[in-house]
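The file upload20.pdb contains PDB, C-alpha atoms and all ligand atoms:
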```pdb
ATOM      1  CA  MET A   1     -56.892 -30.253 -40.727
ATOM      2  CA  TYR A   2     -55.487 -32.001 -43.787
ATOM      3  CA  GLU A   3     -58.456 -33.828 -45.290
ATOM      4  CA  PHE A   4     -56.709 -36.491 -47.330
ATOM      5  CA  ILE A   5     -54.713 -39.481 -46.422
ATOM      6  CA  PRO A   6     -50.950 -39.001 -46.807
ATOM      7  CA  GLN A   7     -49.404 -40.840 -49.692
ATOM      8  CA  TRP A   8     -47.104 -42.899 -47.436
ATOM      9  CA  HIS A   9     -50.130 -44.560 -45.782
ATOM     10  CA  GLN A  10     -51.678 -45.651 -49.084
ATOM     11  CA  GLN A  11     -50.217 -49.146 -48.877
ATOM     12  CA  ALA A  12     -51.590 -49.741 -45.368
ATOM     13  CA  LEU A  13     -54.958 -48.410 -46.526
ATOM     14  CA  HIS A  14     -54.929 -50.676 -49.535
ATOM     15  CA  GLU A  15     -54.229 -53.703 -47.336
ATOM     16  CA  LEU A  16     -57.058 -52.726 -45.031
ATOM     17  CA  ILE A  17     -59.494 -52.330 -47.926
ATOM     18  CA  GLU A  18     -58.487 -55.757 -49.262
ATOM     19  CA  ARG A  19     -59.762 -57.405 -46.118
ATOM     20  CA  ARG A  20     -62.620 -55.003 -45.606
ATOM     21  CA  ALA A  21     -65.246 -57.708 -45.652
ATOM     22  CA  ARG A  22     -63.514 -59.271 -42.647
ATOM     23  CA  LEU A  23     -62.886 -56.019 -40.845
ATOM     24  CA  PRO A  24     -62.901 -56.576 -37.085
ATOM     25  CA  HIS A  25     -64.899 -54.346 -34.757
ATOM     26  CA  ALA A  26     -61.811 -52.786 -33.229
ATOM     27  CA  LEU A  27     -58.627 -51.516 -34.850
ATOM     28  CA  LEU A  28     -55.522 -50.248 -33.132
ATOM     29  CA  VAL A  29     -53.619 -47.850 -35.348
ATOM     30  CA  ASN A  30     -50.133 -47.344 -33.998
ATOM     31  CA  GLY A  31     -46.892 -45.766 -35.139
ATOM     32  CA  GLN A  32     -44.577 -42.837 -34.515
ATOM     33  CA  ALA A  33     -46.143 -39.553 -33.359
ATOM     34  CA  GLY A  34     -46.809 -36.973 -36.047
ATOM     35  CA  ILE A  35     -46.896 -39.192 -39.137
ATOM     36  CA  GLY A  36     -50.643 -38.930 -39.821
ATOM     37  CA  LYS A  37     -52.195 -41.838 -37.914
ATOM     38  CA  TYR A  38     -55.243 -39.789 -37.007
ATOM     39  CA  LEU A  39     -55.752 -38.761 -40.655
ATOM     40  CA  PHE A  40     -55.585 -42.429 -41.539
ATOM     41  CA  ALA A  41     -58.238 -43.232 -38.925
ATOM     42  CA  ARG A  42     -60.490 -40.441 -40.189
ATOM     43  CA  TYR A  43     -60.101 -41.579 -43.762
ATOM     44  CA  VAL A  44     -61.049 -45.149 -42.850
ATOM     45  CA  THR A  45     -64.005 -43.742 -40.913
ATOM     46  CA  GLN A  46     -65.264 -41.739 -43.860
ATOM     47  CA  LEU A  47     -64.838 -44.742 -46.121
ATOM     48  CA  VAL A  48     -66.951 -46.872 -43.772
ATOM     49  CA  LEU A  49     -69.646 -44.205 -43.383
ATOM     50  CA  CYS A  50     -69.850 -43.207 -47.080
ATOM     51  CA  GLN A  51     -73.213 -44.123 -48.590
ATOM     52  CA  ASP A  52     -71.986 -44.473 -52.162
ATOM     53  CA  ASP A  53     -70.820 -48.033 -52.640
ATOM     54  CA  THR A  54     -69.752 -47.785 -56.288
ATOM     55  CA  ASP A  55     -66.083 -47.237 -55.381
ATOM     56  CA  ASN A  56     -64.875 -49.118 -52.334
ATOM     57  CA  ASN A  57     -61.421 -47.587 -52.386
ATOM     58  CA  GLN A  58     -62.228 -44.042 -51.434
ATOM     59  CA  PRO A  59     -65.052 -42.015 -49.920
ATOM     60  CA  CYS A  60     -67.115 -40.305 -52.622
ATOM     61  CA  ARG A  61     -67.112 -36.867 -50.900
ATOM     62  CA  GLN A  62     -70.511 -36.228 -52.553
ATOM     63  CA  CYS A  63     -73.082 -38.176 -50.541
ATOM     64  CA  HIS A  64     -75.028 -36.933 -47.540
ATOM     65  CA  ALA A  65     -72.840 -38.925 -45.135
ATOM     66  CA  CYS A  66     -69.588 -37.566 -46.613
ATOM     67  CA  HIS A  67     -70.901 -34.004 -46.430
ATOM     68  CA  LEU A  68     -71.907 -34.447 -42.799
ATOM     69  CA  PHE A  69     -68.608 -36.097 -41.946
ATOM     70  CA  GLU A  70     -66.540 -33.365 -43.546
ATOM     71  CA  ALA A  71     -68.633 -30.728 -41.797
ATOM     72  CA  GLY A  72     -67.939 -32.472 -38.492
ATOM     73  CA  THR A  73     -71.609 -33.225 -37.845
ATOM     74  CA  HIS A  74     -72.046 -36.890 -38.803
ATOM     75  CA  PRO A  75     -74.329 -38.317 -36.106
ATOM     76  CA  ASP A  76     -72.770 -41.789 -36.196
ATOM     77  CA  PHE A  77     -69.202 -40.610 -35.791
ATOM     78  CA  TYR A  78     -67.733 -40.179 -32.316
ATOM     79  CA  ASN A  79     -64.391 -38.525 -31.771
ATOM     80  CA  ILE A  80     -62.774 -39.086 -28.387
ATOM     81  CA  GLU A  81     -59.642 -37.197 -27.441
ATOM     82  CA  LEU A  82     -58.025 -35.324 -24.585
ATOM     83  CA  GLN A  83     -60.399 -32.547 -23.583
ATOM     84  CA  ILE A  84     -59.529 -28.914 -23.030
ATOM     85  CA  ASN A  85     -59.766 -28.020 -19.329
ATOM     86  CA  ASP A  86     -61.519 -24.924 -18.001
ATOM     87  CA  SER A  87     -58.091 -23.332 -17.655
ATOM     88  CA  GLY A  88     -57.523 -23.774 -21.397
ATOM     89  CA  THR A  89     -54.891 -26.479 -21.039
ATOM     90  CA  VAL A  90     -55.140 -29.954 -22.536
ATOM     91  CA  ALA A  91     -56.207 -32.631 -20.038
ATOM     92  CA  LYS A  92     -53.630 -35.299 -19.226
ATOM     93  CA  GLU A  93     -56.100 -38.177 -19.346
ATOM     94  CA  ILE A  94     -59.097 -39.439 -21.260
ATOM     95  CA  LYS A  95     -61.653 -39.790 -18.499
ATOM     96  CA  VAL A  96     -64.088 -42.563 -17.717
ATOM     97  CA  ASP A  97     -67.080 -40.268 -18.321
ATOM     98  CA  GLN A  98     -66.009 -39.757 -21.920
ATOM     99  CA  ILE A  99     -65.833 -43.502 -22.482
ATOM    100  CA  ARG A 100     -69.124 -44.205 -20.668
ATOM    101  CA  GLN A 101     -70.880 -41.631 -22.805
ATOM    102  CA  LEU A 102     -69.372 -43.191 -25.926
ATOM    103  CA  ILE A 103     -70.510 -46.663 -24.915
ATOM    104  CA  GLY A 104     -74.030 -45.321 -24.366
ATOM    105  CA  SER A 105     -74.057 -43.786 -27.842
ATOM    106  CA  LEU A 106     -72.683 -46.901 -29.516
ATOM    107  CA  SER A 107     -75.437 -49.015 -27.999
ATOM    108  CA  GLN A 108     -78.059 -47.029 -29.907
ATOM    109  CA  THR A 109     -79.186 -47.577 -33.470
ATOM    110  CA  SER A 110     -77.188 -45.959 -36.224
ATOM    111  CA  GLN A 111     -78.920 -42.792 -37.412
ATOM    112  CA  LEU A 112     -77.912 -42.960 -41.056
ATOM    113  CA  GLY A 113     -78.306 -46.711 -41.350
ATOM    114  CA  LYS A 114     -74.669 -47.617 -41.801
ATOM    115  CA  GLN A 115     -72.080 -48.348 -39.118
ATOM    116  CA  LYS A 116     -71.255 -46.224 -36.091
ATOM    117  CA  VAL A 117     -67.593 -45.365 -35.821
ATOM    118  CA  ALA A 118     -65.616 -44.083 -32.861
ATOM    119  CA  VAL A 119     -62.040 -42.864 -33.100
ATOM    120  CA  ILE A 120     -60.146 -42.666 -29.804
ATOM    121  CA  ASN A 121     -57.099 -40.504 -30.384
ATOM    122  CA  SER A 122     -54.131 -40.790 -27.979
ATOM    123  CA  ALA A 123     -55.831 -43.939 -26.690
ATOM    124  CA  GLU A 124     -52.940 -44.690 -24.309
ATOM    125  CA  ARG A 125     -54.060 -41.679 -22.297
ATOM    126  CA  MET A 126     -57.272 -43.377 -21.178
ATOM    127  CA  ASN A 127     -57.009 -43.649 -17.428
ATOM    128  CA  ARG A 128     -57.428 -47.050 -15.863
ATOM    129  CA  ASN A 129     -61.176 -46.681 -15.249
ATOM    130  CA  ALA A 130     -61.739 -45.467 -18.784
ATOM    131  CA  ALA A 131     -59.759 -48.360 -20.246
ATOM    132  CA  ASN A 132     -61.614 -50.870 -18.076
ATOM    133  CA  SER A 133     -64.970 -49.463 -19.179
ATOM    134  CA  LEU A 134     -63.952 -49.761 -22.792
ATOM    135  CA  LEU A 135     -62.859 -53.340 -22.265
ATOM    136  CA  LYS A 136     -66.446 -54.549 -21.872
ATOM    137  CA  THR A 137     -67.406 -52.962 -25.191
ATOM    138  CA  LEU A 138     -64.380 -54.523 -26.849
ATOM    139  CA  GLU A 139     -65.432 -57.906 -25.496
ATOM    140  CA  GLU A 140     -69.072 -57.630 -26.490
ATOM    141  CA  PRO A 141     -69.308 -55.084 -29.270
ATOM    142  CA  SER A 142     -72.628 -54.079 -30.718
ATOM    143  CA  GLY A 143     -72.728 -55.481 -34.238
ATOM    144  CA  ASP A 144     -72.582 -52.345 -36.299
ATOM    145  CA  SER A 145     -69.879 -50.365 -34.504
ATOM    146  CA  LEU A 146     -66.268 -49.914 -35.396
ATOM    147  CA  LEU A 147     -63.774 -48.658 -32.826
ATOM    148  CA  ILE A 148     -60.480 -47.202 -34.006
ATOM    149  CA  LEU A 149     -57.887 -46.624 -31.304
ATOM    150  CA  VAL A 150     -54.992 -44.396 -32.321
ATOM    151  CA  THR A 151     -51.739 -44.331 -30.386
ATOM    152  CA  ALA A 152     -48.025 -43.625 -30.646
ATOM    153  CA  HIS A 153     -47.401 -45.525 -27.391
ATOM    154  CA  SER A 154     -49.277 -48.801 -27.673
ATOM    155  CA  TRP A 155     -47.243 -50.411 -24.851
ATOM    156  CA  ARG A 156     -48.967 -48.031 -22.463
ATOM    157  CA  LEU A 157     -52.375 -49.511 -23.251
ATOM    158  CA  LEU A 158     -53.740 -52.283 -21.051
ATOM    159  CA  PRO A 159     -52.636 -55.586 -22.621
ATOM    160  CA  THR A 160     -56.253 -56.721 -22.487
ATOM    161  CA  VAL A 161     -57.298 -53.710 -24.576
ATOM    162  CA  ARG A 162     -54.466 -54.260 -27.031
ATOM    163  CA  SER A 163     -55.216 -57.920 -27.507
ATOM    164  CA  ARG A 164     -58.843 -57.252 -28.407
ATOM    165  CA  CYS A 165     -57.942 -54.985 -31.309
ATOM    166  CA  GLN A 166     -56.503 -55.786 -34.673
ATOM    167  CA  GLN A 167     -53.281 -53.855 -34.938
ATOM    168  CA  ILE A 168     -52.315 -51.726 -37.905
ATOM    169  CA  ALA A 169     -48.742 -50.505 -37.659
ATOM    170  CA  LEU A 170     -48.206 -47.409 -39.765
ATOM    171  CA  SER A 171     -44.701 -46.666 -41.000
ATOM    172  CA  PRO A 172     -43.193 -43.198 -41.181
ATOM    173  CA  PRO A 173     -42.462 -41.741 -44.612
ATOM    174  CA  SER A 174     -38.971 -41.617 -46.047
ATOM    175  CA  TRP A 175     -37.088 -38.384 -45.385
ATOM    176  CA  GLN A 176     -37.620 -37.357 -49.007
ATOM    177  CA  GLN A 177     -41.376 -38.029 -48.882
ATOM    178  CA  ALA A 178     -41.665 -36.139 -45.627
ATOM    179  CA  LYS A 179     -39.677 -33.217 -46.975
ATOM    180  CA  MET A 180     -41.720 -32.965 -50.166
ATOM    181  CA  TRP A 181     -44.966 -33.082 -48.246
ATOM    182  CA  LEU A 182     -43.807 -30.428 -45.801
ATOM    183  CA  GLN A 183     -42.552 -28.127 -48.542
ATOM    184  CA  GLY A 184     -45.903 -28.525 -50.288
ATOM    185  CA  GLN A 185     -47.740 -27.457 -47.126
ATOM    186  CA  HIS A 186     -45.355 -24.693 -46.058
ATOM    187  CA  PRO A 187     -43.163 -23.542 -48.938
ATOM    188  CA  GLY A 188     -41.191 -21.070 -46.809
ATOM    189  CA  ALA A 189     -40.264 -23.506 -44.031
ATOM    190  CA  ASP A 190     -36.800 -24.910 -43.297
ATOM    191  CA  ALA A 191     -37.996 -28.478 -43.875
ATOM    192  CA  ASP A 192     -34.781 -30.246 -42.883
ATOM    193  CA  ASN A 193     -34.520 -28.449 -39.562
ATOM    194  CA  LEU A 194     -38.197 -29.085 -38.789
ATOM    195  CA  LEU A 195     -37.875 -32.765 -39.662
ATOM    196  CA  HIS A 196     -34.742 -33.098 -37.536
ATOM    197  CA  ALA A 197     -36.729 -31.684 -34.640
ATOM    198  CA  THR A 198     -39.507 -34.259 -35.055
ATOM    199  CA  ASN A 199     -37.470 -37.325 -35.972
ATOM    200  CA  GLY A 200     -38.720 -37.163 -39.535
ATOM    201  CA  ALA A 201     -42.432 -36.940 -38.652
ATOM    202  CA  PRO A 202     -43.959 -34.514 -41.180
ATOM    203  CA  LEU A 203     -47.259 -33.632 -39.501
ATOM    204  CA  ALA A 204     -45.504 -32.959 -36.219
ATOM    205  CA  ALA A 205     -43.064 -30.807 -38.184
ATOM    206  CA  ALA A 206     -45.915 -28.834 -39.741
ATOM    207  CA  THR A 207     -47.400 -28.186 -36.294
ATOM    208  CA  LEU A 208     -44.011 -27.108 -35.022
ATOM    209  CA  PHE A 209     -43.821 -24.638 -37.874
ATOM    210  CA  THR A 210     -47.322 -23.180 -37.557
ATOM    211  CA  THR A 211     -47.128 -22.815 -33.760
ATOM    212  CA  ASP A 212     -43.578 -21.448 -33.977
ATOM    213  CA  GLY A 213     -42.500 -24.236 -31.630
ATOM    214  CA  ILE A 214     -39.416 -24.554 -33.788
ATOM    215  CA  SER A 215     -37.923 -21.388 -32.330
ATOM    216  CA  GLN A 216     -38.379 -22.823 -28.810
ATOM    217  CA  ARG A 217     -36.588 -25.941 -29.938
ATOM    218  CA  ASP A 218     -33.797 -24.005 -31.637
ATOM    219  CA  ASP A 219     -33.363 -21.931 -28.449
ATOM    220  CA  LEU A 220     -33.166 -25.109 -26.362
ATOM    221  CA  LEU A 221     -30.520 -26.626 -28.635
ATOM    222  CA  ALA A 222     -28.557 -23.370 -28.651
ATOM    223  CA  GLY A 223     -28.664 -23.443 -24.833
ATOM    224  CA  MET A 224     -27.512 -27.073 -24.727
ATOM    225  CA  TYR A 225     -24.719 -26.252 -27.149
ATOM    226  CA  ALA A 226     -23.611 -23.332 -24.977
ATOM    227  CA  ILE A 227     -23.648 -25.579 -21.872
ATOM    228  CA  ALA A 228     -21.444 -28.091 -23.674
ATOM    229  CA  GLU A 229     -19.021 -25.299 -24.469
ATOM    230  CA  GLY A 230     -19.091 -24.113 -20.861
ATOM    231  CA  LYS A 231     -20.599 -20.798 -21.889
ATOM    232  CA  MET A 232     -23.964 -21.050 -20.184
ATOM    233  CA  ASP A 233     -25.299 -22.101 -16.798
ATOM    234  CA  PRO A 234     -27.424 -25.303 -17.030
ATOM    235  CA  LEU A 235     -29.971 -23.947 -14.582
ATOM    236  CA  ARG A 236     -30.421 -20.842 -16.685
ATOM    237  CA  VAL A 237     -31.119 -22.959 -19.782
ATOM    238  CA  ALA A 238     -33.623 -25.048 -17.808
ATOM    239  CA  GLN A 239     -35.361 -21.891 -16.646
ATOM    240  CA  LYS A 240     -35.501 -20.391 -20.139
ATOM    241  CA  SER A 241     -36.886 -23.578 -21.688
ATOM    242  CA  ALA A 242     -39.620 -24.254 -19.161
ATOM    243  CA  GLU A 243     -42.264 -22.491 -21.259
ATOM    244  CA  ALA A 244     -42.487 -25.349 -23.740
ATOM    245  CA  GLU A 245     -44.437 -28.537 -22.985
ATOM    246  CA  LEU A 246     -42.362 -31.042 -21.039
ATOM    247  CA  PRO A 247     -42.983 -34.106 -23.253
ATOM    248  CA  GLN A 248     -41.975 -31.996 -26.223
ATOM    249  CA  LEU A 249     -38.775 -30.785 -24.526
ATOM    250  CA  VAL A 250     -37.868 -34.330 -23.537
ATOM    251  CA  ALA A 251     -38.408 -35.486 -27.133
ATOM    252  CA  TRP A 252     -36.146 -32.723 -28.480
ATOM    253  CA  ILE A 253     -33.376 -33.468 -25.988
ATOM    254  CA  THR A 254     -33.666 -37.198 -26.724
ATOM    255  CA  ALA A 255     -33.445 -36.618 -30.478
ATOM    256  CA  CYS A 256     -30.384 -34.441 -29.905
ATOM    257  CA  VAL A 257     -28.528 -37.030 -27.821
ATOM    258  CA  GLN A 258     -29.459 -39.748 -30.333
ATOM    259  CA  GLN A 259     -27.753 -37.703 -33.021
ATOM    260  CA  LEU A 260     -24.675 -37.155 -30.837
ATOM    261  CA  ILE A 261     -24.424 -40.908 -30.281
ATOM    262  CA  SER A 262     -24.694 -41.468 -34.008
ATOM    263  CA  ILE A 263     -21.980 -38.869 -34.727
ATOM    264  CA  ASN A 264     -19.791 -40.348 -31.985
ATOM    265  CA  ILE A 265     -20.087 -43.860 -33.426
ATOM    266  CA  SER A 266     -19.832 -43.041 -37.124
ATOM    267  CA  GLY A 267     -17.388 -40.145 -36.809
ATOM    268  CA  LYS A 268     -19.492 -38.484 -39.497
ATOM    269  CA  HIS A 269     -20.327 -34.842 -39.511
ATOM    270  CA  GLU A 270     -24.078 -34.446 -39.090
ATOM    271  CA  ALA A 271     -26.243 -31.433 -38.557
ATOM    272  CA  VAL A 272     -28.519 -31.292 -35.511
ATOM    273  CA  GLY A 273     -30.709 -28.290 -36.046
ATOM    274  CA  LYS A 274     -28.694 -25.330 -37.171
ATOM    275  CA  LEU A 275     -25.556 -26.057 -35.143
ATOM    276  CA  ASP A 276     -22.467 -28.106 -35.883
ATOM    277  CA  TRP A 277     -22.361 -30.722 -33.143
ATOM    278  CA  SER A 278     -19.453 -32.810 -34.361
ATOM    279  CA  VAL A 279     -16.906 -31.158 -32.049
ATOM    280  CA  VAL A 280     -19.251 -31.386 -29.059
ATOM    281  CA  ALA A 281     -20.050 -35.021 -29.843
ATOM    282  CA  LYS A 282     -16.411 -36.000 -29.835
ATOM    283  CA  ARG A 283     -15.757 -34.315 -26.498
ATOM    284  CA  SER A 284     -18.198 -36.601 -24.707
ATOM    285  CA  GLU A 285     -17.708 -40.282 -24.004
ATOM    286  CA  LEU A 286     -20.006 -42.726 -25.724
ATOM    287  CA  LYS A 287     -20.902 -44.634 -22.556
ATOM    288  CA  ASN A 288     -21.897 -41.375 -20.865
ATOM    289  CA  LEU A 289     -24.041 -40.396 -23.828
ATOM    290  CA  PHE A 290     -25.813 -43.751 -23.593
ATOM    291  CA  ALA A 291     -26.346 -43.269 -19.858
ATOM    292  CA  PHE A 292     -27.837 -39.848 -20.552
ATOM    293  CA  TYR A 293     -30.022 -41.338 -23.281
ATOM    294  CA  ASP A 294     -31.349 -43.883 -20.762
ATOM    295  CA  LYS A 295     -32.191 -41.054 -18.389
ATOM    296  CA  MET A 296     -34.128 -39.345 -21.146
ATOM    297  CA  LEU A 297     -36.154 -42.502 -21.752
ATOM    298  CA  GLN A 298     -37.069 -42.473 -18.065
ATOM    299  CA  ALA A 299     -37.861 -38.776 -18.266
ATOM    300  CA  ALA A 300     -40.167 -39.480 -21.213
ATOM    301  CA  GLN A 301     -42.184 -41.820 -18.997
ATOM    302  CA  GLN A 302     -42.358 -39.220 -16.237
ATOM    303  CA  ALA A 303     -43.152 -36.339 -18.562
ATOM    304  CA  HIS A 304     -46.850 -37.173 -18.838
ATOM    305  CA  SER A 305     -47.340 -37.484 -15.085
ATOM    306  CA  ASN A 306     -47.708 -34.591 -12.706
ATOM    307  CA  ILE A 307     -43.984 -34.240 -12.223
ATOM    308  CA  ASN A 308     -42.467 -30.845 -11.430
ATOM    309  CA  CYS A 309     -41.357 -29.709 -14.873
ATOM    310  CA  GLN A 310     -38.770 -27.201 -13.663
ATOM    311  CA  MET A 311     -37.073 -29.697 -11.353
ATOM    312  CA  LEU A 312     -36.892 -32.384 -14.002
ATOM    313  CA  LEU A 313     -35.448 -29.969 -16.549
ATOM    314  CA  GLU A 314     -32.849 -28.694 -14.092
ATOM    315  CA  SER A 315     -31.759 -32.204 -13.292
ATOM    316  CA  VAL A 316     -31.549 -33.085 -17.000
ATOM    317  CA  MET A 317     -29.525 -29.983 -17.840
ATOM    318  CA  LEU A 318     -27.121 -30.581 -14.934
ATOM    319  CA  ASP A 319     -26.589 -34.149 -16.146
ATOM    320  CA  TRP A 320     -26.062 -32.805 -19.620
ATOM    321  CA  SER A 321     -23.382 -30.355 -18.444
ATOM    322  CA  ARG A 322     -21.528 -33.195 -16.655
ATOM    323  CA  LEU A 323     -21.162 -35.020 -19.974
ATOM    324  CA  PHE A 324     -18.681 -32.388 -21.031
ATOM    325  CA  ASN A 325     -17.021 -31.424 -17.733
ATOM    326  CA  LYS A 326     -13.907 -33.549 -17.887
ATOM    327  CA  THR A 327     -12.839 -32.844 -21.381
ATOM    328  CA  ARG A 328     -13.249 -29.121 -21.372
TER     329      ARG A 328
HETATM  330 ZN    ZN B   1     -69.722 -40.558 -49.671
END
```

Let's see the structure in the file written out as structure tokens.
Ligand SMILES: [Zn+2]
Amino acid sequence: MYEFIPQWHQQALHELIERRARLPHALLVNGQAGIGKYLFARYVTQLVLCQDDTDNNQPCRQCHACHLFEAGTHPDFYNIELQINDSGTVAKEIKVDQIRQLIGSLSQTSQLGKQKVAVINSAERMNRNAANSLLKTLEEPSGDSLLILVTAHSWRLLPTVRSRCQQIALSPPSWQQAKMWLQGQHPGADADNLLHATNGAPLAAATLFTTDGISQRDDLLAGMYAIAEGKMDPLRVAQKSAEAELPQLVAWITACVQQLISINISGKHEAVGKLDWSVVAKRSELKNLFAFYDKMLQAAQQAHSNINCQMLLESVMLDWSRLFNKTR
């Protein structure tokens, strides 16, 4: 866990602090995945809970509340996220029981005398019952609670939930900022390749590095490259890639086709991962690349449901191979 707020969110934080006196009871922090939205939410939380009021711009990190918060034991802080199932996998939904329990806790008096704060991470994953339960709290909040919903997919939230929160849209860092941050965290990493894999999102890139997900992604791209050259069977690539998480695979494939479209339009030579895609890009027709891109957007919606991962991947890889059939 990186304890401090990334530099590229300072402006948004500053704006929030400016209107702190008029802070609503519910915030919706949204923006691209992997840019540090959750860190932002935690930082705001610590700022609200901090008992030292001499500096309103940052938590003091010295008071009792700050110590408890940083130790993960602050009694007025509630962290809601996707739970780990008995089988060790991450649940697909935030369940109604989690939200009901939260609502129960928020209705009680604050233990340290300041506000109670709940952060709901991946808030779009609340199932319908969970979201409906939360709605009542959003409509009639208890006076001293602050709810911070965090999401990279705000359109998937119920409109009624969205409309009851004040939205804070966080921007991604520039490529240079992201690269510097990543190199600071992991000096040995191939920052450009990692950032290409995550669409420039530095925290996602760091996770990809520490979990060695980057080698899965590089293998997938190598497989897709070989398919385009007619050197590998699409079904074999689908089979080999199925170990990675489906939403992640879909995101990598989407990023790859986006780059091919960009190369195809601009005619410029651009790196996608470690391979030179310019020749491959020119061998496919732009309208077909766009059609494939549309399919990937649909796949992204299906990826979080209980769809058969292997079948979806096979279908995607077959479609991918057809992009290059004619011209080979
Ligand atoms: Zn403090």

**Nearby residues, ligand ZN 1 (chain B), 12 Å, only C-alpha atoms and all ligand atoms, as a ChimeraX atom specification** = /A:43-70,74,114

**Pairwise distance for CA of Leu39 (chain A) and CA of Asn129 (chain A), rounded to one decimal in Å** = 27.2 Å

**Message:** With the PyMOL selection byres (((chain A and resi 33) around 8) and not hetatm) as the selection, what would be picked from this file? Answer as JSON, numbers by chain, please.
**Reply:** {"A": [31, 32, 34, 35, 36, 37, 151, 152, 201, 204]}

**Prompt:** Looking at A:Leu235, A:Ala255, A:Leu297, A:Val250, which one is nearest to Met317 (chain A), with distances taken over all atoms listed in the file?
**Reply:**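 For Met317 (chain A), the nearest of the candidates is A:Leu235.
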
**Asked** Around (-42.3, -24.8, -22.4) in the file's frame, which residues reach within 12 Å when counting all atoms listed in the file? Return as a PyMOL selection string?
**Response** chain A and resi 213-217+219-220+237-250+252+309-310+313

Would you compute the box with edges along x, y and z of the file around region 133-143 of chain A, including every atom the file lists for it and 4 Å extra on each side, and give its centre and edge lengths in Å to one decimal, as JSON?
```
{"center_x": -67.8, "center_y": -53.7, "center_z": -26.7, "size_x": 17.9, "size_y": 16.4, "size_z": 23.1}
```
